[in-house]
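Enquirer: Have a peek at input_16.cif (mmCIF, C-alpha atoms).
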```
data_final
#
loop_
_atom_site.label_atom_id
_atom_site.label_comp_id
_atom_site.auth_asym_id
_atom_site.auth_seq_id
_atom_site.Cartn_x
_atom_site.Cartn_y
_atom_site.Cartn_z
CA MET A 1 4.72 1.08 -2.79
CA SER A 2 4.23 4.30 -0.87
CA THR A 3 0.93 6.17 -1.08
CA TYR A 4 2.57 9.54 -0.47
CA GLN A 5 2.42 12.05 -3.28
CA GLY A 6 4.93 14.64 -4.47
CA HIS A 7 4.67 18.30 -3.47
CA GLN A 8 5.30 21.62 -5.15
CA ARG A 9 8.42 22.69 -3.25
CA PRO A 10 10.79 21.34 -0.59
CA LEU A 11 10.33 22.66 2.92
CA ARG A 12 13.19 24.72 4.33
CA LEU A 13 15.34 22.83 6.82
CA GLY A 14 17.89 24.03 9.36
CA MET A 15 20.29 21.96 11.45
CA VAL A 16 21.93 22.45 14.84
CA GLY A 17 25.03 20.29 15.29
CA GLY A 18 26.22 17.85 12.65
CA GLY A 19 29.33 19.67 11.47
CA GLU A 20 32.58 18.19 10.21
CA GLY A 21 33.27 14.73 11.64
CA ALA A 22 29.73 14.14 12.92
CA PHE A 23 28.03 10.85 12.04
CA ILE A 24 24.36 11.42 12.72
CA GLY A 25 24.22 14.85 11.09
CA ALA A 26 25.10 13.35 7.72
CA VAL A 27 22.45 10.67 8.21
CA HIS A 28 19.79 13.29 8.90
CA ARG A 29 20.81 15.31 5.85
CA ILE A 30 20.61 12.31 3.54
CA ALA A 31 17.28 11.26 5.02
CA ALA A 32 15.79 14.75 4.75
CA ARG A 33 16.49 15.02 1.04
CA LEU A 34 15.87 11.41 0.01
CA ASP A 35 12.22 12.05 -0.91
CA GLY A 36 12.73 15.67 -1.95
CA GLU A 37 10.71 16.93 1.03
CA PHE A 38 13.37 19.23 2.51
CA GLU A 39 16.21 21.51 1.44
CA LEU A 40 18.92 22.40 3.96
CA VAL A 41 19.26 26.19 3.94
CA ALA A 42 20.70 27.14 7.33
CA GLY A 43 22.70 25.67 10.17
CA ALA A 44 24.52 26.18 13.44
CA LEU A 45 26.78 23.25 12.68
CA SER A 46 29.40 24.10 15.32
CA SER A 47 29.83 26.51 18.19
CA GLN A 48 33.27 27.40 16.79
CA PRO A 49 32.75 30.20 14.21
CA GLU A 50 35.44 29.06 11.78
CA ARG A 51 34.31 25.46 11.87
CA ALA A 52 30.65 26.49 11.58
CA ALA A 53 31.44 28.56 8.49
CA ALA A 54 33.57 25.82 6.91
CA SER A 55 30.98 23.12 7.57
CA GLY A 56 28.22 25.29 6.14
CA ALA A 57 30.25 26.20 3.06
CA ALA A 58 30.96 22.51 2.40
CA LEU A 59 27.20 21.94 2.34
CA GLY A 60 26.53 24.92 0.07
CA LEU A 61 24.88 27.14 2.69
CA ALA A 62 24.88 30.90 2.22
CA PRO A 63 27.48 32.53 4.52
CA GLU A 64 24.88 34.65 6.30
CA ARG A 65 22.97 31.50 7.24
CA CYS A 66 25.95 29.71 8.80
CA TYR A 67 25.58 30.44 12.50
CA ALA A 68 27.90 29.73 15.42
CA ASP A 69 25.12 30.34 17.97
CA TRP A 70 21.87 28.39 17.79
CA ARG A 71 20.05 31.07 19.77
CA GLU A 72 20.93 33.63 17.12
CA MET A 73 19.89 31.16 14.45
CA ALA A 74 16.45 30.69 16.03
CA ARG A 75 15.88 34.46 16.27
CA ARG A 76 17.11 35.36 12.81
CA GLU A 77 15.47 32.49 10.98
CA ALA A 78 12.14 33.25 12.66
CA ASP A 79 12.39 36.84 11.39
CA ARG A 80 13.19 35.92 7.78
CA PRO A 81 10.31 35.63 5.26
CA ASP A 82 12.18 32.63 3.86
CA GLY A 83 13.18 31.27 7.26
CA ILE A 84 13.44 27.58 8.08
CA GLU A 85 10.26 25.57 8.63
CA LEU A 86 11.88 22.68 10.51
CA VAL A 87 15.10 22.37 12.51
CA ALA A 88 16.96 19.10 13.04
CA ILE A 89 18.78 18.85 16.38
CA VAL A 90 21.79 16.51 16.14
CA THR A 91 23.91 17.70 19.07
CA PRO A 92 25.10 15.82 22.15
CA ASN A 93 22.22 15.03 24.49
CA HIS A 94 22.64 17.88 26.98
CA LEU A 95 21.74 20.43 24.30
CA HIS A 96 18.60 18.72 22.99
CA ALA A 97 16.15 20.41 25.37
CA PRO A 98 17.55 23.97 25.34
CA VAL A 99 17.87 23.99 21.55
CA ALA A 100 14.39 22.55 21.05
CA ARG A 101 12.99 25.12 23.47
CA ALA A 102 14.56 28.02 21.59
CA PHE A 103 13.16 26.97 18.23
CA LEU A 104 9.71 26.05 19.54
CA GLU A 105 9.48 29.47 21.20
CA ALA A 106 10.44 30.99 17.84
CA GLY A 107 7.53 29.14 16.21
CA ILE A 108 9.69 26.64 14.31
CA ASP A 109 8.93 22.92 14.12
CA VAL A 110 11.55 20.53 15.50
CA ILE A 111 12.86 17.03 14.83
CA CYS A 112 15.22 16.03 17.64
CA ASP A 113 17.60 13.13 17.80
CA LYS A 114 16.85 10.87 20.75
CA PRO A 115 16.77 11.20 23.68
CA LEU A 116 14.35 14.10 23.82
CA ALA A 117 16.19 15.52 26.85
CA ILE A 118 18.35 14.37 29.75
CA SER A 119 15.69 14.62 32.45
CA VAL A 120 11.98 13.97 32.85
CA GLN A 121 11.45 17.57 33.93
CA GLU A 122 13.00 18.89 30.70
CA GLY A 123 10.85 16.50 28.70
CA ARG A 124 7.65 17.57 30.43
CA GLU A 125 8.46 21.24 29.85
CA LEU A 126 9.02 20.59 26.14
CA ALA A 127 5.73 18.67 25.89
CA VAL A 128 3.82 21.60 27.37
CA LEU A 129 5.66 24.11 25.15
CA ALA A 130 5.09 22.17 21.92
CA GLN A 131 1.39 21.92 22.70
CA ALA A 132 1.12 25.60 23.63
CA ARG A 133 2.90 26.74 20.46
CA LYS A 134 1.07 24.16 18.31
CA ARG A 135 4.33 23.01 16.77
CA LEU A 136 5.64 19.59 15.84
CA LEU A 137 8.29 18.09 18.10
CA ALA A 138 9.30 14.80 16.51
CA VAL A 139 11.91 12.41 17.92
CA SER A 140 14.10 10.34 15.60
CA TYR A 141 13.28 6.82 16.75
CA ASN A 142 14.08 5.76 13.22
CA TYR A 143 13.87 1.98 13.62
CA SER A 144 10.11 2.16 14.13
CA ALA A 145 9.82 3.42 10.54
CA TYR A 146 10.97 0.16 8.94
CA PRO A 147 8.12 -1.15 6.74
CA MET A 148 8.22 -4.57 8.36
CA LEU A 149 7.90 -3.11 11.85
CA ARG A 150 5.00 -0.97 10.70
CA HIS A 151 3.45 -4.22 9.41
CA ALA A 152 4.27 -6.02 12.66
CA ARG A 153 2.33 -3.39 14.58
CA GLU A 154 -0.65 -3.88 12.28
CA LEU A 155 -0.55 -7.66 12.87
CA VAL A 156 -0.59 -7.10 16.63
CA ARG A 157 -3.46 -4.62 16.40
CA ALA A 158 -5.42 -6.99 14.17
CA GLY A 159 -5.18 -9.74 16.78
CA GLU A 160 -3.04 -12.09 14.69
CA LEU A 161 -0.92 -12.93 17.73
CA GLY A 162 -3.83 -13.24 20.13
CA PRO A 163 -3.59 -11.71 23.61
CA LEU A 164 0.03 -10.67 24.16
CA ARG A 165 2.11 -12.47 26.75
CA LEU A 166 5.83 -11.84 26.26
CA ILE A 167 8.06 -9.09 24.81
CA GLN A 168 11.80 -9.68 24.41
CA VAL A 169 13.99 -6.94 22.95
CA GLU A 170 17.74 -6.49 22.76
CA TYR A 171 20.21 -4.06 21.24
CA ALA A 172 23.79 -5.35 21.23
CA GLN A 173 26.89 -3.55 19.94
CA ASP A 174 30.61 -3.86 20.65
CA TRP A 175 32.00 -0.47 19.65
CA LEU A 176 32.66 0.56 23.27
CA ALA A 177 34.23 -2.75 24.32
CA LEU A 178 37.56 -0.89 24.66
CA PRO A 179 38.10 2.49 26.40
CA ILE A 180 38.22 4.43 23.13
CA GLU A 181 36.81 7.54 24.84
CA LYS A 182 40.23 7.93 26.48
CA GLU A 183 41.83 8.05 23.02
CA GLY A 184 39.76 11.06 21.96
CA GLN A 185 37.29 9.19 19.73
CA LYS A 186 34.66 11.88 19.27
CA GLN A 187 31.50 9.77 19.32
CA ALA A 188 32.69 7.82 22.36
CA SER A 189 34.00 10.84 24.26
CA TRP A 190 30.71 12.65 24.65
CA ARG A 191 28.63 9.50 25.06
CA CYS A 192 30.76 8.46 28.04
CA ASP A 193 30.64 11.88 29.67
CA PRO A 194 27.62 12.36 31.98
CA ALA A 195 27.83 16.13 31.54
CA LEU A 196 27.13 15.71 27.82
CA ALA A 197 25.23 12.42 27.56
CA GLY A 198 23.14 12.67 30.72
CA PRO A 199 22.83 10.11 33.52
CA ALA A 200 22.58 6.99 31.34
CA GLY A 201 25.08 5.39 28.96
CA ALA A 202 24.05 2.38 26.89
CA LEU A 203 20.64 2.51 28.57
CA GLY A 204 19.98 6.00 27.23
CA ASP A 205 21.81 5.68 23.92
CA ILE A 206 20.44 2.38 22.59
CA GLY A 207 18.23 1.05 25.37
CA THR A 208 15.73 3.80 24.62
CA HIS A 209 15.59 2.64 20.98
CA ALA A 210 14.85 -0.90 22.13
CA TYR A 211 12.18 0.22 24.57
CA GLN A 212 10.47 2.50 22.06
CA LEU A 213 10.40 -0.30 19.50
CA ALA A 214 8.82 -2.73 21.96
CA CYS A 215 6.18 -0.14 22.85
CA PHE A 216 5.58 0.90 19.24
CA VAL A 217 4.87 -2.61 17.96
CA SER A 218 3.00 -3.91 21.01
CA GLY A 219 0.98 -0.76 21.70
CA LEU A 220 1.91 -1.09 25.39
CA ARG A 221 4.07 0.78 27.87
CA ALA A 222 5.93 -0.70 30.80
CA ALA A 223 4.37 -0.19 34.22
CA ALA A 224 7.42 -1.30 36.24
CA VAL A 225 11.07 -2.20 35.71
CA CYS A 226 13.75 -4.14 37.55
CA ALA A 227 17.16 -3.00 36.30
CA GLU A 228 20.84 -3.82 36.69
CA LEU A 229 23.33 -1.50 34.98
CA SER A 230 27.02 -2.28 34.58
CA SER A 231 30.19 -0.49 33.50
CA PHE A 232 32.51 -3.26 32.36
CA VAL A 233 35.30 -1.03 31.04
CA PRO A 234 37.41 0.17 34.00
CA GLY A 235 37.05 3.86 34.73
CA ARG A 236 33.96 4.35 32.58
CA ARG A 237 31.54 6.71 34.30
CA LEU A 238 28.33 5.60 32.59
CA ASP A 239 26.81 2.17 32.06
CA ASP A 240 27.90 0.19 29.01
CA ASN A 241 25.54 -2.74 29.66
CA ALA A 242 21.93 -2.79 30.88
CA GLN A 243 19.77 -5.80 31.75
CA LEU A 244 16.14 -5.21 32.66
CA MET A 245 12.98 -7.13 33.42
CA LEU A 246 9.76 -5.35 32.48
CA ARG A 247 6.14 -5.57 33.55
CA PHE A 248 3.97 -4.15 30.80
CA GLU A 249 0.35 -3.10 31.01
CA GLY A 250 -2.21 -5.88 31.08
CA GLY A 251 0.06 -8.47 32.67
CA VAL A 252 2.45 -8.77 29.72
CA ARG A 253 6.00 -9.62 30.79
CA GLY A 254 9.22 -8.61 29.07
CA ALA A 255 12.97 -8.30 29.16
CA LEU A 256 15.36 -5.76 27.64
CA TRP A 257 19.12 -6.05 27.15
CA ALA A 258 21.20 -3.15 25.84
CA SER A 259 24.96 -3.49 25.54
CA GLN A 260 27.79 -1.63 23.86
CA VAL A 261 30.43 -4.12 25.05
CA ALA A 262 29.03 -7.30 23.47
CA SER A 263 32.15 -8.36 21.55
CA GLY A 264 31.44 -9.35 17.97
CA CYS A 265 28.03 -7.64 17.77
CA GLU A 266 27.54 -4.90 15.21
CA ASN A 267 24.04 -3.41 15.45
CA GLY A 268 21.99 -6.26 16.82
CA LEU A 269 18.58 -4.74 17.48
CA ARG A 270 16.15 -7.65 17.78
CA LEU A 271 12.51 -7.78 18.83
CA ARG A 272 10.36 -10.81 19.67
CA ILE A 273 6.71 -10.56 20.70
CA TYR A 274 4.60 -13.59 21.64
CA GLY A 275 0.86 -13.92 22.07
CA ALA A 276 -1.47 -16.82 22.77
CA LYS A 277 -1.75 -17.67 19.05
CA ALA A 278 1.53 -16.64 17.42
CA GLY A 279 4.83 -14.80 17.75
CA LEU A 280 6.72 -12.20 15.73
CA GLU A 281 10.49 -11.96 15.31
CA PHE A 282 12.43 -9.06 13.78
CA ASP A 283 16.18 -8.56 13.34
CA GLN A 284 17.32 -5.04 12.37
CA GLU A 285 20.29 -6.46 10.50
CA GLN A 286 17.77 -8.20 8.19
CA PRO A 287 15.23 -5.36 8.04
CA ASN A 288 13.33 -6.54 4.98
CA GLN A 289 12.06 -9.67 6.72
CA LEU A 290 9.67 -10.47 9.53
CA ARG A 291 8.98 -13.94 10.91
CA LEU A 292 5.46 -14.86 11.98
CA ARG A 293 5.53 -18.10 14.00
CA ARG A 294 2.15 -19.67 14.69
CA LEU A 295 1.31 -21.95 17.58
CA GLY A 296 1.96 -25.52 16.47
CA GLY A 297 5.09 -24.91 14.40
CA SER A 298 4.02 -23.13 11.19
CA THR A 299 6.37 -20.23 10.28
CA GLU A 300 5.85 -17.55 7.63
CA LEU A 301 8.76 -15.46 6.35
CA LEU A 302 7.19 -12.13 5.42
CA SER A 303 9.07 -9.87 3.00
CA ARG A 304 9.01 -6.12 2.52
CA GLY A 305 7.16 -5.20 -0.64
CA ARG A 306 4.94 -8.28 -0.46
CA VAL A 307 3.01 -7.73 2.76
CA ASP A 308 -0.46 -6.26 2.46
CA SER A 309 -0.93 -3.43 4.93
CA ALA A 310 -1.35 0.27 4.34
CA ALA A 311 1.21 1.02 7.05
CA ALA A 312 3.91 -1.03 5.34
CA ARG A 313 3.07 0.31 1.88
CA ALA A 314 3.32 3.90 3.09
CA ALA A 315 6.89 3.27 4.29
CA THR A 316 8.02 1.31 1.21
CA ARG A 317 9.90 2.90 -1.69
CA LEU A 318 11.32 0.05 -3.78
CA PRO A 319 9.89 -3.11 -5.38
CA PRO A 320 10.40 -6.49 -3.67
CA GLY A 321 13.96 -7.80 -3.77
CA HIS A 322 15.56 -4.35 -3.71
CA PRO A 323 16.80 -3.93 -0.13
CA GLU A 324 15.68 -0.97 1.94
CA GLY A 325 17.12 -0.20 5.32
CA TYR A 326 18.45 2.36 7.76
CA LEU A 327 18.53 5.47 5.58
CA GLU A 328 15.10 4.84 4.10
CA ALA A 329 13.62 4.36 7.57
CA PHE A 330 15.19 7.63 8.67
CA ALA A 331 13.79 9.29 5.54
CA GLN A 332 10.33 8.05 6.46
CA LEU A 333 10.42 10.18 9.59
CA TYR A 334 11.21 13.25 7.51
CA ARG A 335 8.48 12.39 5.03
CA GLU A 336 5.97 12.13 7.87
CA ALA A 337 7.23 15.32 9.52
CA ALA A 338 6.75 17.12 6.20
CA GLU A 339 3.19 15.84 6.00
CA HIS A 340 2.42 17.18 9.48
CA ILE A 341 3.86 20.60 8.62
CA ARG A 342 2.11 20.83 5.26
CA ALA A 343 -1.20 19.74 6.79
CA ARG A 344 -1.03 22.54 9.36
CA GLN A 345 -0.02 25.07 6.73
CA GLN A 346 -2.96 23.98 4.56
CA GLY A 347 -5.50 23.82 7.39
CA ARG A 348 -6.21 20.09 7.13
CA GLU A 349 -5.61 16.92 9.11
CA PRO A 350 -2.37 14.96 8.44
CA ALA A 351 -2.65 11.81 6.34
CA GLN A 352 -3.40 8.72 8.42
CA GLU A 353 -0.11 7.11 7.36
CA SER A 354 1.89 9.93 8.93
CA LEU A 355 0.44 9.50 12.43
CA ALA A 356 3.00 6.82 13.29
CA LEU A 357 5.69 9.51 13.45
CA PRO A 358 7.35 9.38 16.91
CA GLN A 359 6.68 12.65 18.68
CA VAL A 360 7.21 14.35 22.00
CA GLY A 361 5.03 11.84 23.87
CA ASP A 362 7.22 8.98 22.70
CA GLY A 363 10.30 10.93 23.74
CA LEU A 364 8.82 11.63 27.18
CA ALA A 365 7.87 7.95 27.58
CA GLY A 366 11.51 7.08 26.92
CA LEU A 367 12.68 9.51 29.61
CA LEU A 368 10.25 8.00 32.12
CA PHE A 369 11.63 4.55 31.27
CA VAL A 370 15.26 5.65 31.78
CA ASP A 371 14.39 7.43 35.02
CA ALA A 372 12.69 4.35 36.48
CA ALA A 373 15.54 2.07 35.39
CA LEU A 374 18.10 4.33 37.05
CA ARG A 375 16.07 4.47 40.25
CA SER A 376 15.70 0.68 40.25
CA HIS A 377 19.43 0.12 39.78
CA ARG A 378 20.42 2.61 42.48
CA ALA A 379 18.07 0.89 44.91
CA GLY A 380 19.72 -2.48 44.30
CA GLY A 381 17.65 -3.72 41.40
CA ILE A 382 14.21 -3.60 42.99
CA TRP A 383 10.96 -3.42 41.05
CA THR A 384 10.26 0.26 40.38
CA ARG A 385 7.15 1.78 38.87
CA LEU A 386 7.40 4.11 35.90
CA ASP A 387 5.88 7.53 36.45
CA ALA A 388 2.81 8.08 34.31
CA LEU A 389 2.12 10.79 31.78
CA THR A 390 0.26 13.50 33.71
CA ASN A 391 -2.66 15.75 32.83
CA GLU A 392 -0.14 18.48 32.07
CA ASP A 393 1.25 16.20 29.35
CA ALA A 394 -2.10 16.18 27.53
CA GLY A 395 -1.63 16.24 23.80
CA CYS A 396 1.69 14.42 23.89
CA VAL A 397 0.31 10.87 23.81
CA PRO A 398 2.79 8.51 22.10
CA ALA A 399 2.06 7.97 18.42
CA HIS A 400 1.14 4.30 18.80
CA GLU A 401 -1.62 5.20 21.26
CA GLU A 402 -2.85 8.14 19.20
CA THR A 403 -3.38 6.02 16.09
CA ALA A 404 -5.26 3.41 18.13
CA LYS A 405 -7.94 5.87 19.21
#
```
Please rewrite the model in this file as structure tokens.
Expert:
Amino acid sequence: MSTYQGHQRPLRLGMVGGGEGAFIGAVHRIAARLDGEFELVAGALSSQPERAAASGAALGLAPERCYADWREMARREADRPDGIELVAIVTPNHLHAPVARAFLEAGIDVICDKPLAISVQEGRELAVLAQARKRLLAVSYNYSAYPMLRHARELVRAGELGPLRLIQVEYAQDWLALPIEKEGQKQASWRCDPALAGPAGALGDIGTHAYQLACFVSGLRAAAVCAELSSFVPGRRLDDNAQLMLRFEGGVRGALWASQVASGCENGLRLRIYGAKAGLEFDQEQPNQLRLRRLGGSTELLSRGRVDSAAARAATRLPPGHPEGYLEAFAQLYREAAEHIRARQQGREPAQESLALPQVGDGLAGLLFVDAALRSHRAGGIWTRLDALTNEDAGCVPAHEETAK
């Protein structure tokens, strides 16, 4: 069970986006309150004043803290003695960077839905700003907070797999197999619009989840990528299928497939990592299990609640046999964000268990991956090197590297 302890009061949370009809906003709200770490007290839930007010009222927010302009929200909340201590950004992608910038400049910590931004330049600017203002900028790569993936990372770091050789990761869905964006489906409409989603479709929406997970568990980043992106639905302006070969650091080879047109697939995020001694297999649709396959044929089925690692225990809430999944993993990010904020407020270092929280460095690494994949595809699928984190990005090292130091 988790080693986290209760606290004297919930932290004050604000939200930008996530009004009526939004999917991910509701997920963030549930996750934020699951462990009692946060209380939603303010929001710019829509840019339309009437809808913003109605959405806020439905959530019990005071009328004066229901904003239609996130810039006004950042200014006014920063000036209040009881202003928000963390803002959740759950807007379409094109607003992630400008909203994060406004709240960081106001001295408010941020948790941003992925991707961090829609360009590498925006990501680098946010990394510098977060460091300069000494504020948390977390990114909601929620799948890396599953207990069994935290345990998988510990097995890799402990050498249980031996030297790594292969990384295979895929994320397959079918919800965009038909042109539902043309029918006004809200979630599809903005994700298929490059002005709102950015330059990548499936690659940016779910491919970044797959890439972050591969990096998180392995402790490696890709050095080069060979990518082919496809738009199978006629008239679609962004990719709905991405197939990539990857060259990771240290000679490790990998492949990544991300598709939103794989008919019959629901949310098939799967990771396989193989070393000289053993391999690990994880399926997000069975998140309480992890397979450890040893050279020679022996297979262990590891179960959440029964594995012995501090990382898994810190992310576990229920006894064995009681399923935990998507919402609990999302809640783990909020629990860890709360620990970072409280630690700074109390003048101490964050608990070791909270250092796995994906932060701005992880978000920037994802942007570098997308940028290289796009460049590779546009050049005809040639091998393309990923840009490195620069000296100006100091302090934004991805969480998996920070904890390894």
Enquirer: List, as a JSON list (two decimals) with C-alpha atoms, in the coordinates of the input, every residue that the PyMOL selection byres ((chain A and resi 12) around 12) selects in the file provided.
Expert:
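Output file expr15.json follows:
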```json
[["chain", "number", "residue", "atom", "x", "y", "z"],
["A", 9, "ARG", "CA", 8.42, 22.69, -3.25],
["A", 10, "PRO", "CA", 10.79, 21.34, -0.59],
["A", 11, "LEU", "CA", 10.33, 22.66, 2.92],
["A", 13, "LEU", "CA", 15.34, 22.83, 6.82],
["A", 14, "GLY", "CA", 17.89, 24.03, 9.36],
["A", 15, "MET", "CA", 20.29, 21.96, 11.45],
["A", 32, "ALA", "CA", 15.79, 14.75, 4.75],
["A", 33, "ARG", "CA", 16.49, 15.02, 1.04],
["A", 36, "GLY", "CA", 12.73, 15.67, -1.95],
["A", 37, "GLU", "CA", 10.71, 16.93, 1.03],
["A", 38, "PHE", "CA", 13.37, 19.23, 2.51],
["A", 39, "GLU", "CA", 16.21, 21.51, 1.44],
["A", 40, "LEU", "CA", 18.92, 22.40, 3.96],
["A", 41, "VAL", "CA", 19.26, 26.19, 3.94],
["A", 42, "ALA", "CA", 20.70, 27.14, 7.33],
["A", 43, "GLY", "CA", 22.70, 25.67, 10.17],
["A", 77, "GLU", "CA", 15.47, 32.49, 10.98],
["A", 78, "ALA", "CA", 12.14, 33.25, 12.66],
["A", 80, "ARG", "CA", 13.19, 35.92, 7.78],
["A", 81, "PRO", "CA", 10.31, 35.63, 5.26],
["A", 82, "ASP", "CA", 12.18, 32.63, 3.86],
["A", 83, "GLY", "CA", 13.18, 31.27, 7.26],
["A", 84, "ILE", "CA", 13.44, 27.58, 8.08],
["A", 85, "GLU", "CA", 10.26, 25.57, 8.63],
["A", 86, "LEU", "CA", 11.88, 22.68, 10.51],
["A", 87, "VAL", "CA", 15.10, 22.37, 12.51],
["A", 88, "ALA", "CA", 16.96, 19.10, 13.04],
["A", 108, "ILE", "CA", 9.69, 26.64, 14.31],
["A", 109, "ASP", "CA", 8.93, 22.92, 14.12],
["A", 338, "ALA", "CA", 6.75, 17.12, 6.20],
["A", 341, "ILE", "CA", 3.86, 20.60, 8.62],
["A", 342, "ARG", "CA", 2.11, 20.83, 5.26]]
```
Enquirer: Have a look at CA of Gly250 in chain A and CA of Gly380 in chain A and let me know their distance in Å, one decimal.
Expert: 25.8 Å
Enquirer: Apply the PyMOL selection byres ((chain A and resi 289) around 12) to the structure shown and report the selected residues as a VMD selection string.
Expert: chain A and resid 146 to 152 270 280 to 288 290 to 292 300 to 307 312 320 to 321 323 to 325
Enquirer: Kindly save the residues from that selection, with C-alpha atoms included, as an mmCIF file, in the coordinates of the input.
Expert:
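The resulting part38.cif:
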```cif
data_model
loop_
_atom_site.group_PDB
_atom_site.id
_atom_site.type_symbol
_atom_site.label_atom_id
_atom_site.label_comp_id
_atom_site.auth_asym_id
_atom_site.auth_seq_id
_atom_site.Cartn_x
_atom_site.Cartn_y
_atom_site.Cartn_z
ATOM 1 C CA TYR A 146 10.970 0.160 8.940
ATOM 2 C CA PRO A 147 8.120 -1.150 6.740
ATOM 3 C CA MET A 148 8.220 -4.570 8.360
ATOM 4 C CA LEU A 149 7.900 -3.110 11.850
ATOM 5 C CA ARG A 150 5.000 -0.970 10.700
ATOM 6 C CA HIS A 151 3.450 -4.220 9.410
ATOM 7 C CA ALA A 152 4.270 -6.020 12.660
ATOM 8 C CA ARG A 270 16.150 -7.650 17.780
ATOM 9 C CA LEU A 280 6.720 -12.200 15.730
ATOM 10 C CA GLU A 281 10.490 -11.960 15.310
ATOM 11 C CA PHE A 282 12.430 -9.060 13.780
ATOM 12 C CA ASP A 283 16.180 -8.560 13.340
ATOM 13 C CA GLN A 284 17.320 -5.040 12.370
ATOM 14 C CA GLU A 285 20.290 -6.460 10.500
ATOM 15 C CA GLN A 286 17.770 -8.200 8.190
ATOM 16 C CA PRO A 287 15.230 -5.360 8.040
ATOM 17 C CA ASN A 288 13.330 -6.540 4.980
ATOM 18 C CA LEU A 290 9.670 -10.470 9.530
ATOM 19 C CA ARG A 291 8.980 -13.940 10.910
ATOM 20 C CA LEU A 292 5.460 -14.860 11.980
ATOM 21 C CA GLU A 300 5.850 -17.550 7.630
ATOM 22 C CA LEU A 301 8.760 -15.460 6.350
ATOM 23 C CA LEU A 302 7.190 -12.130 5.420
ATOM 24 C CA SER A 303 9.070 -9.870 3.000
ATOM 25 C CA ARG A 304 9.010 -6.120 2.520
ATOM 26 C CA GLY A 305 7.160 -5.200 -0.640
ATOM 27 C CA ARG A 306 4.940 -8.280 -0.460
ATOM 28 C CA VAL A 307 3.010 -7.730 2.760
ATOM 29 C CA ALA A 312 3.910 -1.030 5.340
ATOM 30 C CA PRO A 320 10.400 -6.490 -3.670
ATOM 31 C CA GLY A 321 13.960 -7.800 -3.770
ATOM 32 C CA PRO A 323 16.800 -3.930 -0.130
ATOM 33 C CA GLU A 324 15.680 -0.970 1.940
ATOM 34 C CA GLY A 325 17.120 -0.200 5.320
#
```
Enquirer: Taking the file as shown, find all residues satisfying the PyMOL selection byres ((chain A and resi 237) around 9) and write them as a list in words.
Expert: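 Output of the PyMOL selection byres ((chain A and resi 237) around 9): Cys192, Asp193, Pro194, Gly201, Ser231, Pro234, Gly235, Arg236, Leu238 and Asp239 of chain A.
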Enquirer: Could you work out how far CA of Phe330 in chain A lies from CA of Ala145 in chain A, giving the answer in Å with one decimal?
Expert: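 Spanning CA of Ala145 in chain A to CA of Phe330 in chain A is a straight-line distance of 7.1 Å.
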Enquirer: For a quick check of understanding, using all atoms listed in the file, which of A:Ala337, A:Ala365, A:Ala379, A:Ala242 has the smallest distance to Glu353 in chain A?
Expert: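 Of the candidates, the smallest distance to Glu353 in chain A is held by A:Ala337.
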Enquirer: Using Å and a single decimal, report how far CA of Leu136 in chain A sits from CA of Leu104 in chain A.
Expert: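 Pair CA of Leu104 in chain A / CA of Leu136 in chain A returns 8.5 Å.
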Enquirer: For Leu161 in chain A, work out the shell of residues within 12 Å, counting only C-alpha atoms and skipping chain neighbours fewer than 6 positions away, then give it as a list in words.
Expert: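 So the residues in contact are Ala152, Arg153, Glu154, Leu155, Val217, Ser218, Arg272, Ile273, Tyr274, Gly275, Ala276, Lys277, Ala278, Gly279, Leu280, Glu281, Leu292, Arg293, Arg294 and Leu295 of chain A.
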Enquirer: Take the residues from that selection and write them out as a PDB file, in the coordinates of the input, keeping C-alpha atoms.
Expert:
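So the final result, stored in part-v8.pdb, reads:
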```pdb
ATOM      1  CA  ALA A 152       4.270  -6.020  12.660  1.00  0.00           C
ATOM      2  CA  ARG A 153       2.330  -3.390  14.580  1.00  0.00           C
ATOM      3  CA  GLU A 154      -0.650  -3.880  12.280  1.00  0.00           C
ATOM      4  CA  LEU A 155      -0.550  -7.660  12.870  1.00  0.00           C
ATOM      5  CA  VAL A 217       4.870  -2.610  17.960  1.00  0.00           C
ATOM      6  CA  SER A 218       3.000  -3.910  21.010  1.00  0.00           C
ATOM      7  CA  ARG A 272      10.360 -10.810  19.670  1.00  0.00           C
ATOM      8  CA  ILE A 273       6.710 -10.560  20.700  1.00  0.00           C
ATOM      9  CA  TYR A 274       4.600 -13.590  21.640  1.00  0.00           C
ATOM     10  CA  GLY A 275       0.860 -13.920  22.070  1.00  0.00           C
ATOM     11  CA  ALA A 276      -1.470 -16.820  22.770  1.00  0.00           C
ATOM     12  CA  LYS A 277      -1.750 -17.670  19.050  1.00  0.00           C
ATOM     13  CA  ALA A 278       1.530 -16.640  17.420  1.00  0.00           C
ATOM     14  CA  GLY A 279       4.830 -14.800  17.750  1.00  0.00           C
ATOM     15  CA  LEU A 280       6.720 -12.200  15.730  1.00  0.00           C
ATOM     16  CA  GLU A 281      10.490 -11.960  15.310  1.00  0.00           C
ATOM     17  CA  LEU A 292       5.460 -14.860  11.980  1.00  0.00           C
ATOM     18  CA  ARG A 293       5.530 -18.100  14.000  1.00  0.00           C
ATOM     19  CA  ARG A 294       2.150 -19.670  14.690  1.00  0.00           C
ATOM     20  CA  LEU A 295       1.310 -21.950  17.580  1.00  0.00           C
TER      21      LEU A 295
END
```
